[in-house]
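Asks: Pasting coords24.cif here (mmCIF, C-alpha atoms):
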```cif
data_work
loop_
_atom_site.group_PDB
_atom_site.id
_atom_site.type_symbol
_atom_site.label_atom_id
_atom_site.label_comp_id
_atom_site.auth_asym_id
_atom_site.auth_seq_id
_atom_site.Cartn_x
_atom_site.Cartn_y
_atom_site.Cartn_z
ATOM 1 C CA GLU A 832 16.411 13.977 -25.343
ATOM 2 C CA GLY A 833 16.032 10.764 -23.367
ATOM 3 C CA LEU A 834 14.798 8.871 -26.422
ATOM 4 C CA GLU A 835 14.596 5.083 -26.018
ATOM 5 C CA ILE A 836 15.438 3.090 -29.143
ATOM 6 C CA SER A 837 14.887 -0.564 -28.306
ATOM 7 C CA LEU A 838 16.076 -3.332 -30.627
ATOM 8 C CA GLU A 839 15.006 -6.964 -30.626
ATOM 9 C CA ALA A 840 17.989 -9.246 -31.178
ATOM 10 C CA ASN A 841 18.611 -12.962 -31.446
ATOM 11 C CA PRO A 842 21.781 -14.156 -29.654
ATOM 12 C CA GLU A 843 23.398 -15.509 -32.822
ATOM 13 C CA SER A 844 23.245 -12.069 -34.464
ATOM 14 C CA LEU A 845 24.944 -10.325 -31.530
ATOM 15 C CA THR A 846 27.886 -12.733 -31.503
ATOM 16 C CA VAL A 847 28.988 -11.538 -34.958
ATOM 17 C CA PRO A 848 32.276 -9.697 -34.235
ATOM 18 C CA GLY A 849 31.694 -5.959 -33.904
ATOM 19 C CA ARG A 850 27.914 -6.202 -34.286
ATOM 20 C CA ALA A 851 27.033 -5.025 -30.776
ATOM 21 C CA ALA A 852 29.464 -2.105 -31.013
ATOM 22 C CA ASP A 853 27.969 -1.127 -34.398
ATOM 23 C CA LEU A 854 24.473 -1.106 -32.915
ATOM 24 C CA LYS A 855 25.652 1.049 -30.030
ATOM 25 C CA ALA A 856 27.260 3.487 -32.484
ATOM 26 C CA LEU A 857 24.002 3.695 -34.462
ATOM 27 C CA GLY A 858 22.251 5.068 -31.384
ATOM 28 C CA ILE A 859 20.411 1.982 -30.124
ATOM 29 C CA THR A 860 19.871 2.535 -26.386
ATOM 30 C CA ARG A 861 18.250 -0.757 -25.346
ATOM 31 C CA LEU A 862 18.652 -4.381 -26.435
ATOM 32 C CA SER A 863 16.038 -7.088 -25.906
ATOM 33 C CA ILE A 864 17.772 -10.449 -26.386
ATOM 34 C CA GLY A 865 15.747 -13.574 -27.137
ATOM 35 C CA ALA A 866 17.655 -16.068 -25.001
ATOM 36 C CA GLN A 867 14.441 -18.155 -24.512
ATOM 37 C CA SER A 868 16.238 -20.834 -22.450
ATOM 38 C CA PHE A 869 19.601 -21.634 -20.904
ATOM 39 C CA ASP A 870 19.151 -25.377 -21.388
ATOM 40 C CA GLU A 871 20.877 -26.778 -24.496
ATOM 41 C CA ALA A 872 18.435 -29.669 -24.971
ATOM 42 C CA ARG A 873 15.399 -27.397 -24.665
ATOM 43 C CA LEU A 874 16.828 -24.924 -27.180
ATOM 44 C CA ARG A 875 17.315 -27.761 -29.678
ATOM 45 C CA LEU A 876 13.829 -29.092 -29.018
ATOM 46 C CA ILE A 877 12.144 -25.764 -29.772
ATOM 47 C CA GLY A 878 14.296 -25.202 -32.849
ATOM 48 C CA ARG A 879 16.429 -22.281 -31.715
ATOM 49 C CA PRO A 880 19.699 -21.910 -33.672
ATOM 50 C CA HIS A 881 21.744 -20.571 -30.744
ATOM 51 C CA THR A 882 23.184 -22.376 -27.738
ATOM 52 C CA ALA A 883 23.017 -21.422 -24.060
ATOM 53 C CA ALA A 884 26.701 -20.492 -24.236
ATOM 54 C CA GLY A 885 25.904 -18.393 -27.307
ATOM 55 C CA ALA A 886 23.210 -16.511 -25.407
ATOM 56 C CA GLU A 887 25.659 -15.740 -22.611
ATOM 57 C CA LYS A 888 28.280 -14.658 -25.159
ATOM 58 C CA ALA A 889 25.741 -12.308 -26.771
ATOM 59 C CA ILE A 890 24.927 -10.693 -23.434
ATOM 60 C CA HIS A 891 28.593 -10.220 -22.596
ATOM 61 C CA ALA A 892 29.221 -8.737 -26.065
ATOM 62 C CA ALA A 893 26.419 -6.216 -25.521
ATOM 63 C CA GLN A 894 27.764 -5.279 -22.092
ATOM 64 C CA GLN A 895 31.297 -4.892 -23.444
ATOM 65 C CA ALA A 896 29.951 -2.639 -26.201
ATOM 66 C CA GLY A 897 28.611 -0.289 -23.517
ATOM 67 C CA PHE A 898 24.928 -1.264 -23.376
ATOM 68 C CA ASP A 899 23.596 -0.625 -19.884
ATOM 69 C CA ASN A 900 19.930 -1.368 -20.663
ATOM 70 C CA ILE A 901 19.636 -5.029 -21.631
ATOM 71 C CA GLY A 902 16.567 -7.236 -21.467
ATOM 72 C CA LEU A 903 16.434 -11.032 -21.616
ATOM 73 C CA ASP A 904 13.415 -12.952 -22.923
ATOM 74 C CA LEU A 905 12.767 -16.414 -21.468
ATOM 75 C CA ILE A 906 10.014 -18.978 -22.081
ATOM 76 C CA ARG A 907 8.508 -21.057 -19.295
ATOM 77 C CA GLY A 908 6.434 -24.204 -19.667
ATOM 78 C CA LEU A 909 8.760 -25.772 -22.235
ATOM 79 C CA PRO A 910 7.978 -29.389 -23.110
ATOM 80 C CA GLY A 911 9.976 -32.561 -22.734
ATOM 81 C CA SER A 912 10.683 -35.292 -25.242
ATOM 82 C CA GLY A 913 12.368 -38.665 -24.874
ATOM 83 C CA ARG A 914 14.690 -38.485 -21.855
ATOM 84 C CA LEU A 915 14.264 -34.701 -21.544
ATOM 85 C CA ALA A 916 11.731 -33.810 -18.854
ATOM 86 C CA ALA A 917 9.248 -30.989 -19.292
ATOM 87 C CA HIS A 918 9.887 -27.801 -17.366
ATOM 88 C CA THR A 919 9.485 -28.256 -13.625
ATOM 89 C CA ARG A 920 9.297 -25.602 -10.932
ATOM 90 C CA ALA A 921 12.921 -26.338 -10.001
ATOM 91 C CA SER A 922 14.270 -26.264 -13.561
ATOM 92 C CA TRP A 923 12.434 -22.990 -14.251
ATOM 93 C CA LEU A 924 13.929 -21.365 -11.154
ATOM 94 C CA ARG A 925 17.391 -22.538 -12.250
ATOM 95 C CA GLU A 926 16.882 -20.789 -15.600
ATOM 96 C CA LEU A 927 15.816 -17.576 -13.875
ATOM 97 C CA HIS A 928 18.784 -17.756 -11.503
ATOM 98 C CA ARG A 929 21.160 -18.111 -14.457
ATOM 99 C CA ALA A 930 19.523 -15.138 -16.137
ATOM 100 C CA VAL A 931 19.866 -12.958 -13.043
ATOM 101 C CA MET A 932 23.555 -13.898 -12.715
ATOM 102 C CA LEU A 933 24.165 -12.377 -16.165
ATOM 103 C CA ALA A 934 23.193 -8.951 -14.737
ATOM 104 C CA PRO A 935 20.565 -7.729 -17.207
ATOM 105 C CA GLN A 936 18.337 -4.791 -16.317
ATOM 106 C CA HIS A 937 15.101 -6.359 -17.566
ATOM 107 C CA ILE A 938 13.704 -9.907 -17.744
ATOM 108 C CA SER A 939 10.607 -10.989 -19.655
ATOM 109 C CA THR A 940 9.085 -14.413 -18.971
ATOM 110 C CA TYR A 941 6.572 -15.664 -21.497
ATOM 111 C CA CYS A 942 4.435 -18.776 -21.318
ATOM 112 C CA LEU A 943 5.030 -21.043 -24.305
ATOM 113 C CA THR A 944 2.462 -20.573 -27.058
ATOM 114 C CA LEU A 945 2.167 -23.157 -29.827
ATOM 115 C CA GLU A 946 1.654 -21.243 -33.051
ATOM 116 C CA PRO A 947 -0.314 -23.189 -35.695
ATOM 117 C CA GLY A 948 1.832 -24.552 -38.505
ATOM 118 C CA THR A 949 5.134 -24.398 -36.631
ATOM 119 C CA PRO A 950 7.242 -27.571 -36.246
ATOM 120 C CA LEU A 951 6.716 -27.498 -32.477
ATOM 121 C CA ALA A 952 2.933 -27.330 -32.842
ATOM 122 C CA GLN A 953 2.978 -30.147 -35.396
ATOM 123 C CA ALA A 954 4.983 -32.320 -32.995
ATOM 124 C CA ALA A 955 2.839 -31.479 -29.944
ATOM 125 C CA ASP A 956 1.293 -34.949 -29.717
ATOM 126 C CA THR A 957 4.746 -36.444 -29.188
ATOM 127 C CA LEU A 958 5.790 -33.981 -26.452
ATOM 128 C CA ARG A 959 5.178 -33.828 -22.707
ATOM 129 C CA PHE A 960 4.051 -30.481 -21.265
ATOM 130 C CA PRO A 961 3.921 -29.273 -17.659
ATOM 131 C CA THR A 962 0.516 -29.553 -16.014
ATOM 132 C CA GLU A 963 -1.598 -26.444 -15.553
ATOM 133 C CA ALA A 964 -0.921 -26.564 -11.807
ATOM 134 C CA THR A 965 2.830 -26.692 -12.433
ATOM 135 C CA GLN A 966 2.582 -23.796 -14.881
ATOM 136 C CA THR A 967 0.712 -21.720 -12.306
ATOM 137 C CA ALA A 968 3.276 -22.527 -9.624
ATOM 138 C CA MET A 969 6.125 -21.623 -12.006
ATOM 139 C CA TYR A 970 4.487 -18.259 -12.645
ATOM 140 C CA HIS A 971 4.055 -17.363 -8.979
ATOM 141 C CA GLU A 972 7.380 -18.766 -7.759
ATOM 142 C CA GLY A 973 9.267 -17.224 -10.666
ATOM 143 C CA ALA A 974 7.727 -13.800 -10.043
ATOM 144 C CA ALA A 975 8.536 -13.998 -6.333
ATOM 145 C CA PHE A 976 12.122 -15.011 -7.094
ATOM 146 C CA LEU A 977 12.689 -12.166 -9.560
ATOM 147 C CA GLU A 978 11.239 -9.615 -7.164
ATOM 148 C CA SER A 979 13.504 -10.942 -4.388
ATOM 149 C CA GLU A 980 16.446 -10.373 -6.749
ATOM 150 C CA GLY A 981 15.505 -6.732 -7.364
ATOM 151 C CA PHE A 982 13.301 -7.081 -10.456
ATOM 152 C CA PRO A 983 9.828 -5.750 -9.500
ATOM 153 C CA GLN A 984 7.006 -7.003 -11.711
ATOM 154 C CA TYR A 985 5.275 -4.289 -13.733
ATOM 155 C CA GLU A 986 3.265 -6.360 -16.226
ATOM 156 C CA VAL A 987 2.130 -9.971 -16.573
ATOM 157 C CA SER A 988 5.376 -11.051 -18.249
ATOM 158 C CA ASN A 989 7.773 -8.209 -17.445
ATOM 159 C CA PHE A 990 10.184 -7.525 -14.584
ATOM 160 C CA ALA A 991 12.772 -4.745 -14.381
ATOM 161 C CA ARG A 992 15.329 -3.119 -12.166
ATOM 162 C CA PRO A 993 14.053 0.246 -10.879
ATOM 163 C CA GLY A 994 14.376 2.816 -13.653
ATOM 164 C CA PHE A 995 14.591 0.213 -16.440
ATOM 165 C CA THR A 996 10.979 -0.538 -17.299
ATOM 166 C CA CYS A 997 10.603 -0.769 -21.074
ATOM 167 C CA ARG A 998 9.255 2.531 -22.329
ATOM 168 C CA HIS A 999 7.851 1.285 -25.626
ATOM 169 C CA ASN A 1000 5.973 -1.472 -23.780
ATOM 170 C CA GLN A 1001 4.508 1.170 -21.499
ATOM 171 C CA GLY A 1002 3.627 3.194 -24.576
ATOM 172 C CA TYR A 1003 1.396 0.362 -25.765
ATOM 173 C CA TRP A 1004 -0.345 0.061 -22.419
ATOM 174 C CA ARG A 1005 -0.808 3.788 -21.757
ATOM 175 C CA GLY A 1006 -1.807 4.827 -25.266
ATOM 176 C CA VAL A 1007 1.379 6.855 -25.877
ATOM 177 C CA ASP A 1008 2.697 7.327 -29.436
ATOM 178 C CA TYR A 1009 5.534 5.047 -30.506
ATOM 179 C CA LEU A 1010 7.413 4.449 -33.757
ATOM 180 C CA GLY A 1011 8.192 0.909 -34.955
ATOM 181 C CA LEU A 1012 10.941 0.335 -37.522
ATOM 182 C CA GLY A 1013 11.614 -2.822 -39.518
ATOM 183 C CA PRO A 1014 9.608 -5.561 -41.251
ATOM 184 C CA GLY A 1015 6.371 -6.300 -39.416
ATOM 185 C CA ALA A 1016 6.863 -3.424 -36.975
ATOM 186 C CA VAL A 1017 3.826 -1.463 -35.809
ATOM 187 C CA SER A 1018 3.614 2.264 -35.051
ATOM 188 C CA THR A 1019 0.884 4.356 -33.454
ATOM 189 C CA LEU A 1020 1.135 8.072 -34.234
ATOM 190 C CA ASP A 1021 -1.560 10.746 -33.935
ATOM 191 C CA GLY A 1022 -4.396 8.229 -33.721
ATOM 192 C CA ILE A 1023 -3.215 6.183 -36.716
ATOM 193 C CA ARG A 1024 -1.834 2.652 -36.299
ATOM 194 C CA ARG A 1025 0.361 1.436 -39.131
ATOM 195 C CA ALA A 1026 1.876 -2.009 -39.677
ATOM 196 C CA ASN A 1027 4.922 -2.395 -41.922
ATOM 197 C CA PRO A 1028 4.957 -5.282 -44.435
ATOM 198 C CA PRO A 1029 6.104 -8.416 -42.577
ATOM 199 C CA ASP A 1030 8.023 -9.790 -45.574
ATOM 200 C CA PHE A 1031 11.622 -8.546 -45.529
ATOM 201 C CA GLY A 1032 11.829 -8.064 -49.300
ATOM 202 C CA LEU A 1033 8.586 -6.085 -49.485
ATOM 203 C CA TRP A 1034 9.603 -3.961 -46.500
ATOM 204 C CA ARG A 1035 13.038 -3.234 -48.010
ATOM 205 C CA ALA A 1036 11.513 -2.283 -51.354
ATOM 206 C CA ALA A 1037 9.057 0.072 -49.644
ATOM 207 C CA CYS A 1038 11.910 1.765 -47.777
ATOM 208 C CA LEU A 1039 14.011 2.209 -50.921
ATOM 209 C CA ASN A 1040 11.010 3.620 -52.800
ATOM 210 C CA GLY A 1041 10.098 6.035 -50.003
ATOM 211 C CA ASP A 1042 6.771 4.231 -49.767
ATOM 212 C CA ALA A 1043 5.038 4.665 -46.385
ATOM 213 C CA SER A 1044 2.243 2.300 -47.336
ATOM 214 C CA GLY A 1045 1.187 -0.504 -45.053
ATOM 215 C CA GLU A 1046 -1.862 -1.631 -43.205
ATOM 216 C CA THR A 1047 -3.390 1.328 -41.373
ATOM 217 C CA GLU A 1048 -6.162 1.728 -38.828
ATOM 218 C CA THR A 1049 -7.694 4.917 -37.499
ATOM 219 C CA LEU A 1050 -8.203 4.518 -33.774
ATOM 220 C CA GLY A 1051 -11.505 5.850 -32.506
ATOM 221 C CA CYS A 1052 -12.314 6.561 -28.872
ATOM 222 C CA GLU A 1053 -14.173 3.259 -28.436
ATOM 223 C CA THR A 1054 -11.166 1.266 -29.671
ATOM 224 C CA LEU A 1055 -8.798 3.248 -27.476
ATOM 225 C CA ALA A 1056 -11.025 2.744 -24.445
ATOM 226 C CA LEU A 1057 -11.167 -1.000 -25.073
ATOM 227 C CA GLU A 1058 -7.384 -1.190 -25.428
ATOM 228 C CA ARG A 1059 -6.824 0.799 -22.240
ATOM 229 C CA LEU A 1060 -9.028 -1.671 -20.397
ATOM 230 C CA MET A 1061 -7.549 -4.817 -21.938
ATOM 231 C CA LEU A 1062 -3.913 -3.764 -21.633
ATOM 232 C CA GLY A 1063 -4.293 -2.019 -18.284
ATOM 233 C CA LEU A 1064 -5.568 -5.243 -16.727
ATOM 234 C CA ARG A 1065 -2.230 -6.846 -17.648
ATOM 235 C CA THR A 1066 -0.174 -4.277 -15.727
ATOM 236 C CA VAL A 1067 0.554 -3.711 -12.062
ATOM 237 C CA GLU A 1068 -0.445 -0.074 -12.627
ATOM 238 C CA GLY A 1069 -3.899 -1.159 -13.759
ATOM 239 C CA VAL A 1070 -6.647 0.778 -15.549
ATOM 240 C CA ASP A 1071 -6.932 4.549 -15.141
ATOM 241 C CA ILE A 1072 -10.699 4.803 -14.650
ATOM 242 C CA PRO A 1073 -11.121 8.539 -15.426
ATOM 243 C CA VAL A 1074 -9.178 8.113 -18.682
ATOM 244 C CA TRP A 1075 -11.336 5.117 -19.629
ATOM 245 C CA GLU A 1076 -14.498 7.077 -18.857
ATOM 246 C CA ALA A 1077 -13.323 10.065 -20.923
ATOM 247 C CA LEU A 1078 -12.576 7.839 -23.922
ATOM 248 C CA SER A 1079 -15.685 5.683 -23.716
ATOM 249 C CA GLY A 1080 -18.168 8.342 -22.585
ATOM 250 C CA ARG A 1081 -19.539 5.889 -20.013
ATOM 251 C CA SER A 1082 -19.497 5.454 -16.260
ATOM 252 C CA PHE A 1083 -17.134 2.685 -15.199
ATOM 253 C CA ALA A 1084 -19.223 1.935 -12.114
ATOM 254 C CA THR A 1085 -22.390 1.588 -14.177
ATOM 255 C CA THR A 1086 -20.763 -0.447 -16.955
ATOM 256 C CA HIS A 1087 -18.366 -2.686 -15.044
ATOM 257 C CA GLY A 1088 -18.998 -2.047 -11.350
ATOM 258 C CA THR A 1089 -20.673 -5.387 -10.555
ATOM 259 C CA LEU A 1090 -17.951 -7.443 -12.218
ATOM 260 C CA ALA A 1091 -15.168 -5.346 -10.699
ATOM 261 C CA HIS A 1092 -16.629 -5.790 -7.213
ATOM 262 C CA ALA A 1093 -16.925 -9.563 -7.675
ATOM 263 C CA LEU A 1094 -13.297 -9.744 -8.782
ATOM 264 C CA GLU A 1095 -12.238 -7.654 -5.797
ATOM 265 C CA VAL A 1096 -14.041 -10.005 -3.420
ATOM 266 C CA ALA A 1097 -12.261 -12.921 -5.120
ATOM 267 C CA GLY A 1098 -8.885 -11.241 -4.539
ATOM 268 C CA MET A 1099 -8.207 -10.683 -8.242
ATOM 269 C CA VAL A 1100 -8.236 -6.863 -8.342
ATOM 270 C CA ILE A 1101 -7.986 -3.831 -6.083
ATOM 271 C CA ILE A 1102 -10.384 -0.927 -6.704
ATOM 272 C CA SER A 1103 -9.652 2.662 -5.716
ATOM 273 C CA ALA A 1104 -11.347 5.923 -6.624
ATOM 274 C CA ASP A 1105 -9.486 6.276 -9.915
ATOM 275 C CA ARG A 1106 -7.883 2.907 -10.642
ATOM 276 C CA LEU A 1107 -8.636 -0.790 -11.131
ATOM 277 C CA ALA A 1108 -5.434 -2.769 -10.588
ATOM 278 C CA PRO A 1109 -4.928 -6.551 -10.730
ATOM 279 C CA THR A 1110 -3.332 -8.392 -7.820
ATOM 280 C CA ARG A 1111 -0.563 -10.973 -8.388
ATOM 281 C CA GLN A 1112 -3.319 -13.590 -8.376
ATOM 282 C CA GLY A 1113 -5.214 -11.566 -10.968
ATOM 283 C CA LEU A 1114 -2.172 -11.107 -13.189
ATOM 284 C CA ALA A 1115 -1.771 -14.882 -13.340
ATOM 285 C CA VAL A 1116 -5.194 -15.138 -15.049
ATOM 286 C CA ALA A 1117 -5.215 -11.741 -16.774
ATOM 287 C CA ASP A 1118 -6.496 -13.076 -20.096
ATOM 288 C CA ALA A 1119 -9.496 -14.701 -18.421
ATOM 289 C CA ILE A 1120 -10.288 -11.481 -16.536
ATOM 290 C CA VAL A 1121 -10.071 -9.437 -19.728
ATOM 291 C CA GLU A 1122 -12.509 -11.820 -21.415
ATOM 292 C CA ARG A 1123 -15.048 -11.162 -18.649
ATOM 293 C CA PHE A 1124 -14.822 -7.402 -19.210
ATOM 294 C CA VAL A 1125 -15.055 -7.432 -23.017
ATOM 295 C CA ARG A 1126 -17.882 -9.954 -23.490
#
```
Written as structure tokens, how would this file's structure read?
Replies:
Amino acid sequence: EGLEISLEANPESLTVPGRAADLKALGITRLSIGAQSFDEARLRLIGRPHTAAGAEKAIHAAQQAGFDNIGLDLIRGLPGSGRLAAHTRASWLRELHRAVMLAPQHISTYCLTLEPGTPLAQAADTLRFPTEATQTAMYHEGAAFLESEGFPQYEVSNFARPGFTCRHNQGYWRGVDYLGLGPGAVSTLDGIRRANPPDFGLWRAACLNGDASGETETLGCETLALERLMLGLRTVEGVDIPVWEALSGRSFATTHGTLAHALEVAGMVIISADRLAPTRQGLAVADAIVERFVR
């Protein structure tokens, strides 16, 4: 009862007639749609096969099929090329405004990452990217805008209407069991983490053969403690200190107290008796803060 089954979907797949209704009938309860941008030129530049109109059509199709828990993924910090300017603070806010007008329940905003070997990474020398200062301003202004529109931030990249935070995301951060289905999907069940084969053909063959093989990892207390710290520092909720201490067998004050206090003085975190939580300023540099803790 109350199970969340969340499906990642590209817009072009949801615009296939009847597809959204079929997914609803299968029992999918939440859709996460990779819109990425609502600017046609930017979508072409980053190699996405869908159009902005196609992304809107996909969202409407999901809503018409009865989905009432829809997330949109957007990328900020997109580059410019030729006459196309790189993302600016104003153009990013326009994208967020367009997303909000489509009435999703959840919005994720990710900073562009250039993956080695991809066409975009190979063309990086020919592209213009926003400055670091512009990227920082886009993060803060975008977060403030989404919160003003009724999407409180609950993690570095995630914003949701009240009652629509993504439960499998929270499962990662809180150490709760979750089941991942599909090629490349990861599950964590009873202290075992398993990754399905990323290749579609190998994954399909394993399913047809009833083969549960895949990369597995047994999660010890030290690993779980490290993950709680690393992932907790990316969430508004923060790190549950007693849970970390129980997993690690160490005193948080003794191990990390000096660093935590310095970060609090700098306005990056707030410390209470049982929790270490990042501020908005801290969330903006969460990766750097995590590095300090795990050195």
Asks: A:Thr965, A:Ala1037, A:Gly1088, A:Cys997: which is nearest A:Pro1014, counting all atoms listed in the file?
Replies: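 The shortest atom-to-atom distance to A:Pro1014 comes from A:Ala1037.
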Asks: Atom CA of A:Leu854 to atom CA of A:Gly1006: how many Å, to one decimal?
Replies: 28.0 Å
Asks: For A:Arg959, which residue among A:Glu980, A:Tyr985, A:Ser939, A:His918 is the nearest when counting all atoms listed in the file?
Replies: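 Result for the nearest residue to A:Arg959: A:His918.
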Asks: Using only C-alpha atoms, can you tell me which of A:Leu927, A:Ala872, A:Ala917, A:Leu845 comes closest to A:His891?
Replies: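 Once distances to A:His891 are computed over only C-alpha atoms, the minimum belongs to A:Leu845.
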Asks: How far is it from atom CA of A:Gly911 to atom CA of A:Arg873, in Å with one decimal?
Replies: 7.7 Å
Asks: Measuring between all atoms listed in the file, which one of A:Asp870, A:Glu1068, A:Glu835, A:Asp1021 shows the shortest distance to A:Gly858?
Replies: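 Closest candidate: A:Glu835.
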Asks: Please provide as number ranges by chain all residues within 12 Å of A:Gln1001, with the sequence filter that same-chain residues fewer than 4 positions apart are discarded (counting all atoms listed in the file).
Replies: A: 835, 985-986, 989, 995-997, 1005-1009, 1059, 1062-1063, 1065-1069
Asks: Of the candidates A:Ala1115, A:Cys1052, A:Leu1012, A:Met969, which one gets nearest to A:Phe1031 if we count all atoms listed in the file?
Replies: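 Checking each of A:Ala1115, A:Cys1052, A:Leu1012, A:Met969 against A:Phe1031, counting all atoms listed in the file, the winner is A:Leu1012.
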Asks: I'd like the contact shell of A:Phe982 - 10 Å cut-off, only C-alpha atoms, skipping same-chain residues fewer than 2 positions apart - returned as a list in words.
Replies: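 Answer for this query is Val931, Pro935, Gln936, His937, Ile938, Ala974, Ala975, Phe976, Leu977, Glu978, Ser979, Glu980, Gln984, Tyr985, Asn989, Phe990, Ala991, Arg992, Pro993, Phe995 and Thr996 of chain A.
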Asks: If you apply the PyMOL selection byres ((chain A and resi 1112) around 10) to this file, what residues do you get, as a list in words?
Replies: Thr967, His971, Ala1097, Gly1098, Met1099, Val1100, Pro1109, Thr1110, Arg1111, Gly1113, Leu1114, Ala1115, Val1116 and Ala1117 of chain A
Asks: Output C-alpha atoms of each residue in that selection to a file, as a tab-separated table (two decimals), in the coordinates of the input.
Replies:
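Generated output (part.tsv):
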```
chain	number	residue	atom	x	y	z
A	967	THR	CA	0.71	-21.72	-12.31
A	971	HIS	CA	4.06	-17.36	-8.98
A	1097	ALA	CA	-12.26	-12.92	-5.12
A	1098	GLY	CA	-8.88	-11.24	-4.54
A	1099	MET	CA	-8.21	-10.68	-8.24
A	1100	VAL	CA	-8.24	-6.86	-8.34
A	1109	PRO	CA	-4.93	-6.55	-10.73
A	1110	THR	CA	-3.33	-8.39	-7.82
A	1111	ARG	CA	-0.56	-10.97	-8.39
A	1113	GLY	CA	-5.21	-11.57	-10.97
A	1114	LEU	CA	-2.17	-11.11	-13.19
A	1115	ALA	CA	-1.77	-14.88	-13.34
A	1116	VAL	CA	-5.19	-15.14	-15.05
A	1117	ALA	CA	-5.22	-11.74	-16.77
```
Asks: Let me make sure I understand: among A:Ala1104, A:Ile864, A:Ile1023, A:Ala851, which one has the smallest atom-to-atom distance to A:Pro1073 if we use only C-alpha atoms?
Replies: A:Ala1104
Asks: Taking the point (25.9, -14.8, -35.8) as given in the file, collect each protein or nucleic acid residue that comes within 12 Å of it, counting only C-alpha atoms, and present the set as an MDAnalysis selection string.
Replies: chainID A and resid 840:851 880:882 885:886 888:889 892
Asks: Would you fill out stretch 839-844 of chain A with all heavy atoms and return it as a PDB file, keeping the file's coordinate frame?
Replies:
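Output contents, as saved in out-v6.pdb:
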```pdb
ATOM      1  N   GLU A 839      15.099  -5.528 -30.872  1.00  0.00           N
ATOM      2  CA  GLU A 839      15.006  -6.964 -30.626  1.00  0.00           C
ATOM      3  C   GLU A 839      16.189  -7.641 -31.303  1.00  0.00           C
ATOM      4  O   GLU A 839      16.514  -7.344 -32.450  1.00  0.00           O
ATOM      5  CB  GLU A 839      13.706  -7.514 -31.220  1.00  0.00           C
ATOM      6  CG  GLU A 839      12.443  -6.939 -30.620  1.00  0.00           C
ATOM      7  CD  GLU A 839      12.078  -7.589 -29.291  1.00  0.00           C
ATOM      8  OE1 GLU A 839      12.640  -8.652 -28.978  1.00  0.00           O
ATOM      9  OE2 GLU A 839      11.242  -7.023 -28.576  1.00  0.00           O
ATOM     10  N   ALA A 840      16.816  -8.583 -30.608  1.00  0.00           N
ATOM     11  CA  ALA A 840      17.989  -9.246 -31.178  1.00  0.00           C
ATOM     12  C   ALA A 840      18.022 -10.712 -30.787  1.00  0.00           C
ATOM     13  O   ALA A 840      17.756 -11.067 -29.639  1.00  0.00           O
ATOM     14  CB  ALA A 840      19.272  -8.565 -30.712  1.00  0.00           C
ATOM     15  N   ASN A 841      18.347 -11.565 -31.744  1.00  0.00           N
ATOM     16  CA  ASN A 841      18.611 -12.962 -31.446  1.00  0.00           C
ATOM     17  C   ASN A 841      20.078 -13.108 -31.041  1.00  0.00           C
ATOM     18  O   ASN A 841      20.944 -12.397 -31.560  1.00  0.00           O
ATOM     19  CB  ASN A 841      18.317 -13.842 -32.660  1.00  0.00           C
ATOM     20  CG  ASN A 841      16.831 -13.944 -32.947  1.00  0.00           C
ATOM     21  OD1 ASN A 841      16.028 -14.054 -32.028  1.00  0.00           O
ATOM     22  ND2 ASN A 841      16.464 -13.913 -34.214  1.00  0.00           N
ATOM     23  N   PRO A 842      20.390 -14.028 -30.123  1.00  0.00           N
ATOM     24  CA  PRO A 842      21.781 -14.156 -29.654  1.00  0.00           C
ATOM     25  C   PRO A 842      22.783 -14.376 -30.777  1.00  0.00           C
ATOM     26  O   PRO A 842      23.873 -13.801 -30.761  1.00  0.00           O
ATOM     27  CB  PRO A 842      21.707 -15.366 -28.715  1.00  0.00           C
ATOM     28  CG  PRO A 842      20.321 -15.348 -28.188  1.00  0.00           C
ATOM     29  CD  PRO A 842      19.481 -14.899 -29.350  1.00  0.00           C
ATOM     30  N   GLU A 843      22.421 -15.198 -31.775  1.00  0.00           N
ATOM     31  CA  GLU A 843      23.398 -15.509 -32.822  1.00  0.00           C
ATOM     32  C   GLU A 843      23.782 -14.280 -33.649  1.00  0.00           C
ATOM     33  O   GLU A 843      24.866 -14.226 -34.227  1.00  0.00           O
ATOM     34  CB  GLU A 843      22.878 -16.630 -33.733  1.00  0.00           C
ATOM     35  CG  GLU A 843      21.637 -16.297 -34.536  1.00  0.00           C
ATOM     36  CD  GLU A 843      20.342 -16.591 -33.789  1.00  0.00           C
ATOM     37  OE1 GLU A 843      20.381 -16.736 -32.552  1.00  0.00           O
ATOM     38  OE2 GLU A 843      19.289 -16.653 -34.453  1.00  0.00           O
ATOM     39  N   SER A 844      22.900 -13.276 -33.708  1.00  0.00           N
ATOM     40  CA  SER A 844      23.245 -12.069 -34.464  1.00  0.00           C
ATOM     41  C   SER A 844      24.197 -11.174 -33.678  1.00  0.00           C
ATOM     42  O   SER A 844      25.032 -10.479 -34.256  1.00  0.00           O
ATOM     43  CB  SER A 844      21.981 -11.301 -34.850  1.00  0.00           C
ATOM     44  OG  SER A 844      21.312 -10.818 -33.699  1.00  0.00           O
TER      45      SER A 844
END
```
